[in-house]
Each structure stands twice: as structure tokens, then as C-alpha cells.
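Chemist: Structure below; questions to follow.
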Amino acid sequence: MTIAILGTGNMAKGLATRLKGKMDLVFGSREPGKAVEGVPALSYADAAARADIVILAIPYFPALDIIKTLDLTGKVLVDFTNPLKPDFANLALGLDTSGAEVVQQTAPGAHVVKAFNTIFAALFEADTSKIPVFIAGNDKAANQKVADLVVAAGFLADDVGGLEQARTLEPLGLLNIHMGYHLGRGTRIAPVWVAA
């Protein structure tokens, strides 16, 4: 199975370090030809064409523009993004829809799965064996593939239901950003549910 990670930022690199040696990886980049973390970097289109699973690890609004140019038919498309406003303090949409649902509308032939949007990149350098990655998607087989990827990356996989649950996951991602940056709790935090 080949994983294409679109983007070469901290989230993309962090995931690649966790999956390298476990899965066939390629980056999609604006600067193809340069290896990143020892992983080849291709154009976005070439990376997506090669992959079974495509990961959006770039900011939401540029991601929408990029996926319009790609053939993602039949592929699992993992949406890391949060549809943040420029101030990083609010979401550009939500409650009656979500960024992930817009991603699905933009790439209707793909199986979109929301995941990793409540995780800071710094956590890839920490023990994440008890930290959940919440997964939301409409295709059970696609959700399972993403759950397997999450576990391979060293996290717990927590399937929360259909893609409409991204309407709750994206505000949760915003809350984590608020706590980490605006309340000064740092970037090694993540939402975790516990049973009393």
C-alpha cells in the first residue's frame, strides 16, 4: 500500500517519521524532486496517482484548490485540515457543515475520512500510545484503512461515525489550538476521553 502525503510541513514530516519503513511513502510537494525526511517528493498529481491513500496535510483553503486538480477517484482521502480563519481563533464554517464535507464535495469520487485534525505535530516526538486519533467517514472499509494507519503511526484509533461528525471534530481541533496557543498549554496536548 502506498501513502501519498500532500504537503511537507510539520504534520506531514511527523507522520512520515512514524510510518517510514512500515509503508511505501511519497510526498506531494510544490517542489518535486527534493527528498523530505528521506522520502521522495513528487508533484501533487504524481504522488496522488501513485497512492492508495492520499493525505491532506496542508492548510484547508490551499488544499481545496489542490484537490480540484487531482484524480482521486476510488482513493481514500484523509483530511487533516481545520477550516481556520486567518486569525487562527475561529473556524470559517461549521455546525451545519464541515471542512471535511466540503472536501468530499470537491473530490466526489474519493472516500474522505477526517483524522488527525486534533493532533499537534509536536506529539509525533512524544509517547502517543494512549492518545486517540478520531476518525469520521462514510465508508467503513476506508475508515478501517485509516484506523490501521493511525495504529501504525503509534496512536489509538477512535471511529466516531460518519463524515458529518467532522462538524464536531473541527471545533474540537480549534479548542485544542486555543488551549495550546492562546492559553499557553503548549503543543504536546490532545483531547482524550476517560471513563470514570
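Residue numbering restarts at 1 in every chain; chains get A, B, ... in the order shown in the C-alpha cells, and ligands count up from 1 in that same order.
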Within 6 Å of region 10-26 of chain A, which residues of region 86-171 of chain A show up? Give each one with its shortest atom-to-atom distance in Å (one decimal) and the two atoms involved, counting only C-alpha atoms, rows by chain then rising residue number, as a tab-separated table.

Modeler:
```
residue	atom	partner	partner_atom	distance
A:Ala121	CA	A:Met11	CA	4.8
A:Phe124	CA	A:Gly14	CA	5.4
A:Ala153	CA	A:Arg18	CA	5.0
```

Chemist: Skip region 165-167 of chain A itself and residues of its chain fewer than 5 positions away, then list as a ChimeraX atom specification all residues within 10 Å of it, counting only C-alpha atoms.

Modeler: /A:79,82,93-101,113-115,117,134-138,159-160,172-173

Chemist: With N, CA, C and O atoms retained, export the selected residues as an mmCIF file, in the first residue's frame.

Modeler:
```
data_model
loop_
_atom_site.group_PDB
_atom_site.id
_atom_site.type_symbol
_atom_site.label_atom_id
_atom_site.label_comp_id
_atom_site.auth_asym_id
_atom_site.auth_seq_id
_atom_site.Cartn_x
_atom_site.Cartn_y
_atom_site.Cartn_z
ATOM 1 N N ASP A 79 -8.333 13.683 5.538
ATOM 2 C CA ASP A 79 -8.362 15.135 5.721
ATOM 3 C C ASP A 79 -7.849 15.499 7.107
ATOM 4 O O ASP A 79 -8.517 15.302 8.106
ATOM 5 N N ASN A 82 -8.209 21.776 9.348
ATOM 6 C CA ASN A 82 -9.253 22.513 10.053
ATOM 7 C C ASN A 82 -9.495 23.800 9.253
ATOM 8 O O ASN A 82 -8.532 24.484 8.899
ATOM 9 N N LEU A 93 -16.247 27.869 8.803
ATOM 10 C CA LEU A 93 -17.559 27.256 8.648
ATOM 11 C C LEU A 93 -17.727 26.178 9.701
ATOM 12 O O LEU A 93 -16.765 25.760 10.333
ATOM 13 N N GLY A 94 -18.978 25.766 9.904
ATOM 14 C CA GLY A 94 -19.204 24.723 10.879
ATOM 15 C C GLY A 94 -20.652 24.636 11.320
ATOM 16 O O GLY A 94 -21.503 25.417 10.890
ATOM 17 N N LEU A 95 -20.928 23.679 12.163
ATOM 18 C CA LEU A 95 -22.222 23.359 12.767
ATOM 19 C C LEU A 95 -23.196 22.727 11.781
ATOM 20 O O LEU A 95 -23.696 21.635 12.030
ATOM 21 N N ASP A 96 -23.479 23.373 10.662
ATOM 22 C CA ASP A 96 -24.387 22.766 9.689
ATOM 23 C C ASP A 96 -23.640 22.137 8.517
ATOM 24 O O ASP A 96 -24.241 21.547 7.625
ATOM 25 N N THR A 97 -22.338 22.245 8.516
ATOM 26 C CA THR A 97 -21.462 21.555 7.562
ATOM 27 C C THR A 97 -20.068 21.528 8.180
ATOM 28 O O THR A 97 -19.878 21.928 9.326
ATOM 29 N N SER A 98 -19.094 21.047 7.429
ATOM 30 C CA SER A 98 -17.719 20.986 7.927
ATOM 31 C C SER A 98 -16.759 21.111 6.769
ATOM 32 O O SER A 98 -17.136 20.918 5.598
ATOM 33 N N GLY A 99 -15.515 21.400 7.092
ATOM 34 C CA GLY A 99 -14.495 21.434 6.061
ATOM 35 C C GLY A 99 -14.375 20.097 5.352
ATOM 36 O O GLY A 99 -14.211 20.037 4.134
ATOM 37 N N ALA A 100 -14.471 19.001 6.109
ATOM 38 C CA ALA A 100 -14.335 17.668 5.520
ATOM 39 C C ALA A 100 -15.454 17.376 4.522
ATOM 40 O O ALA A 100 -15.228 16.744 3.487
ATOM 41 N N GLU A 101 -16.661 17.848 4.837
ATOM 42 C CA GLU A 101 -17.773 17.637 3.908
ATOM 43 C C GLU A 101 -17.584 18.440 2.617
ATOM 44 O O GLU A 101 -17.948 17.985 1.531
ATOM 45 N N VAL A 113 -12.032 10.721 4.709
ATOM 46 C CA VAL A 113 -12.026 10.353 6.129
ATOM 47 C C VAL A 113 -11.337 11.466 6.896
ATOM 48 O O VAL A 113 -10.192 11.830 6.593
ATOM 49 N N LYS A 114 -12.029 12.021 7.872
ATOM 50 C CA LYS A 114 -11.436 13.036 8.755
ATOM 51 C C LYS A 114 -10.574 12.334 9.796
ATOM 52 O O LYS A 114 -11.019 11.361 10.421
ATOM 53 N N ALA A 115 -9.371 12.804 10.007
ATOM 54 C CA ALA A 115 -8.488 12.219 11.026
ATOM 55 C C ALA A 115 -7.320 13.166 11.285
ATOM 56 O O ALA A 115 -6.960 13.971 10.438
ATOM 57 N N ASN A 117 -6.925 15.807 12.891
ATOM 58 C CA ASN A 117 -7.096 17.260 12.978
ATOM 59 C C ASN A 117 -7.064 17.781 14.409
ATOM 60 O O ASN A 117 -7.008 18.989 14.611
ATOM 61 N N PHE A 134 -9.248 10.680 16.308
ATOM 62 C CA PHE A 134 -10.651 10.487 15.994
ATOM 63 C C PHE A 134 -10.828 10.389 14.479
ATOM 64 O O PHE A 134 -10.262 11.181 13.729
ATOM 65 N N ILE A 135 -11.621 9.418 14.060
ATOM 66 C CA ILE A 135 -11.823 9.122 12.647
ATOM 67 C C ILE A 135 -13.306 9.263 12.330
ATOM 68 O O ILE A 135 -14.155 8.731 13.048
ATOM 69 N N ALA A 136 -13.620 9.983 11.252
ATOM 70 C CA ALA A 136 -15.005 10.122 10.802
ATOM 71 C C ALA A 136 -15.046 9.954 9.296
ATOM 72 O O ALA A 136 -14.311 10.635 8.574
ATOM 73 N N GLY A 137 -15.896 9.055 8.821
ATOM 74 C CA GLY A 137 -16.026 8.840 7.386
ATOM 75 C C GLY A 137 -17.232 7.974 7.081
ATOM 76 O O GLY A 137 -17.723 7.245 7.951
ATOM 77 N N ASN A 138 -17.699 8.035 5.857
ATOM 78 C CA ASN A 138 -18.926 7.336 5.469
ATOM 79 C C ASN A 138 -18.707 5.937 4.923
ATOM 80 O O ASN A 138 -19.668 5.196 4.749
ATOM 81 N N ASP A 159 -13.034 5.512 16.028
ATOM 82 C CA ASP A 159 -14.000 5.810 14.962
ATOM 83 C C ASP A 159 -15.243 6.417 15.600
ATOM 84 O O ASP A 159 -15.910 5.773 16.414
ATOM 85 N N VAL A 160 -15.563 7.661 15.230
ATOM 86 C CA VAL A 160 -16.688 8.373 15.852
ATOM 87 C C VAL A 160 -17.915 8.441 14.948
ATOM 88 O O VAL A 160 -18.897 9.078 15.308
ATOM 89 N N LEU A 172 -13.442 20.809 17.893
ATOM 90 C CA LEU A 172 -12.545 20.225 18.895
ATOM 91 C C LEU A 172 -11.090 20.538 18.557
ATOM 92 O O LEU A 172 -10.290 20.848 19.443
ATOM 93 N N GLY A 173 -10.762 20.477 17.269
ATOM 94 C CA GLY A 173 -9.419 20.882 16.856
ATOM 95 C C GLY A 173 -9.142 22.333 17.180
ATOM 96 O O GLY A 173 -8.050 22.692 17.640
#
```

Chemist: Report as CSV: every residue of region 59-115 of chain A with an atom at most 8 Å from region 42-46 of chain A, its closest pair of atoms, and their distance in Å to one decimal, counting only C-alpha atoms, with rows sorted by chain and ascending residue number.

Modeler:
```
residue,atom,partner,partner_atom,distance
A:Ile66,CA,A:Tyr44,CA,7.7
A:Thr69,CA,A:Ala45,CA,7.5
A:Leu70,CA,A:Ala45,CA,5.7
A:Asp71,CA,A:Ala45,CA,7.8
```

Chemist: Once DSSP has gone over the backbone, tell me which residues of region 51-188 of chain A are in alpha helix (DSSP H), as a ChimeraX atom specification.

Modeler: /A:60-67,99-106,140-152,166-177

Chemist: What's the 7 Å shell around Thr81 (chain A), counting only C-alpha atoms, without same-chain residues fewer than 5 positions away, as a VMD selection string?

Modeler: chain A and resid 56 to 60 117

Chemist: Let me see the file: selected residues, C-alpha atoms, as a PDB file, in the first residue's frame.

Modeler:
```pdb
ATOM      1  CA  LEU A  56      -4.159  16.251   3.017  1.00  0.00           C
ATOM      2  CA  ALA A  57      -1.504  17.685   5.326  1.00  0.00           C
ATOM      3  CA  ILE A  58      -1.677  21.248   4.019  1.00  0.00           C
ATOM      4  CA  PRO A  59      -3.854  24.173   5.145  1.00  0.00           C
ATOM      5  CA  TYR A  60      -7.545  23.873   4.348  1.00  0.00           C
ATOM      6  CA  ASN A 117      -7.096  17.260  12.978  1.00  0.00           C
TER       7      ASN A 117
END
```

Chemist: Could you please write out, as a list in words, every residue of region 56-174 of chain A that DSSP assigns to strand (DSSP E)?

Modeler: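 Strand (DSSP E) members of region 56-174 of chain A, listed: Leu56, Val76, Leu77, Val78, Asp79, His111, Val112, Val113, Lys114, Pro132, Val133, Phe134, Ile135, Ala136, Gly137, Leu156, Ala157, Asp158, Asp159, Val160 and Gly161 of chain A.
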
Chemist: Taking only C-alpha atoms into account, which of A:Lys75, A:Lys34, A:Lys140, A:Lys130 comes nearest Gly154 (chain A)?

Modeler: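 The closest residue to Gly154 (chain A) is A:Lys130.
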
Chemist: Once you count only C-alpha atoms, what closest atom pair and distance in Å to one decimal does each residue of region 85-151 of chain A within 12 Å of region 178-181 of chain A have, with rows by chain and rising residue number, as CSV?

Modeler:
```
residue,atom,partner,partner_atom,distance
A:Asp87,CA,A:His178,CA,11.3
A:Phe88,CA,A:His178,CA,8.5
A:Ala89,CA,A:His178,CA,7.0
A:Asn90,CA,A:His178,CA,9.3
A:Leu91,CA,A:His178,CA,11.6
A:Thr118,CA,A:Gly180,CA,11.1
A:Ile119,CA,A:Gly180,CA,10.8
A:Phe120,CA,A:Gly180,CA,8.9
A:Ala121,CA,A:Gly180,CA,11.9
A:Ala122,CA,A:Gly180,CA,11.2
```

Chemist: Write out as a list in words which residues come within 9 Å of Asp139 (chain A) when counting only C-alpha atoms, dropping same-chain ones fewer than 2 positions away.

Modeler: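 Contacts, with the query itself left out: His111, Val112, Val113, Gly137, Ala141, Ala142, Asn143, Gln144, Gly162 and Leu163 of chain A.
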
Chemist: Since we have the selection now, will you write its residues out, keeping N, CA and C atoms, as an mmCIF file, in the first residue's frame?

Modeler:
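Output contents, as saved in selection.cif:
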```cif
data_model
loop_
_atom_site.group_PDB
_atom_site.id
_atom_site.type_symbol
_atom_site.label_atom_id
_atom_site.label_comp_id
_atom_site.auth_asym_id
_atom_site.auth_seq_id
_atom_site.Cartn_x
_atom_site.Cartn_y
_atom_site.Cartn_z
ATOM 1 N N HIS A 111 -13.055 8.610 -1.102
ATOM 2 C CA HIS A 111 -13.643 8.241 0.187
ATOM 3 C C HIS A 111 -12.952 9.103 1.244
ATOM 4 N N VAL A 112 -13.578 10.216 1.613
ATOM 5 C CA VAL A 112 -12.954 11.170 2.540
ATOM 6 C C VAL A 112 -13.121 10.685 3.971
ATOM 7 N N VAL A 113 -12.032 10.721 4.709
ATOM 8 C CA VAL A 113 -12.026 10.353 6.129
ATOM 9 C C VAL A 113 -11.337 11.466 6.896
ATOM 10 N N GLY A 137 -15.896 9.055 8.821
ATOM 11 C CA GLY A 137 -16.026 8.840 7.386
ATOM 12 C C GLY A 137 -17.232 7.974 7.081
ATOM 13 N N ALA A 141 -14.903 0.542 5.000
ATOM 14 C CA ALA A 141 -13.614 -0.004 4.583
ATOM 15 C C ALA A 141 -12.536 1.077 4.596
ATOM 16 N N ALA A 142 -12.889 2.282 4.143
ATOM 17 C CA ALA A 142 -11.935 3.396 4.165
ATOM 18 C C ALA A 142 -11.585 3.764 5.604
ATOM 19 N N ASN A 143 -12.600 3.802 6.477
ATOM 20 C CA ASN A 143 -12.338 4.107 7.885
ATOM 21 C C ASN A 143 -11.369 3.096 8.486
ATOM 22 N N GLN A 144 -11.530 1.823 8.130
ATOM 23 C CA GLN A 144 -10.650 0.788 8.681
ATOM 24 C C GLN A 144 -9.222 0.959 8.180
ATOM 25 N N GLY A 162 -19.970 8.778 10.973
ATOM 26 C CA GLY A 162 -19.964 9.283 9.612
ATOM 27 C C GLY A 162 -19.245 10.611 9.463
ATOM 28 N N LEU A 163 -19.068 11.018 8.219
ATOM 29 C CA LEU A 163 -18.304 12.231 7.930
ATOM 30 C C LEU A 163 -18.935 13.475 8.545
#
```

Chemist: Using only C-alpha atoms, which residues sit within 8 Å of Asn176 (chain A) once same-chain residues fewer than 5 positions away are excluded, as a PyMOL selection string?

Modeler: chain A and resi 118+189-191

Chemist: Neighbours of Phe155 (chain A) within 6 Å (only C-alpha atoms; same-chain residues fewer than 3 positions away dropped), as JSON, numbers by chain?

Modeler: {"A": [128, 129, 131, 132, 150, 151]}

Chemist: Would you work out the distance separating CA of Ala4 (chain A) from CA of Ser29 (chain A), expressed in Å to one decimal?

Modeler: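 Pair CA of Ala4 (chain A) / CA of Ser29 (chain A) returns 10.1 Å.
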
Chemist: Can you work out which one of A:Ala110, A:Thr8, A:Gly74, A:Asp65 has the shortest atom-to-atom distance to Ala35 (chain A), counting only C-alpha atoms?

Modeler: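 Looking only at the distances to Ala35 (chain A), the closest residue turns out to be A:Thr8.
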
Chemist: Quick one: pull the distance between CA of Gly33 (chain A) and CA of Val78 (chain A), Å, one decimal.

Modeler: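 Atom-to-atom, CA of Gly33 (chain A) to CA of Val78 (chain A), that is 23.6 Å.
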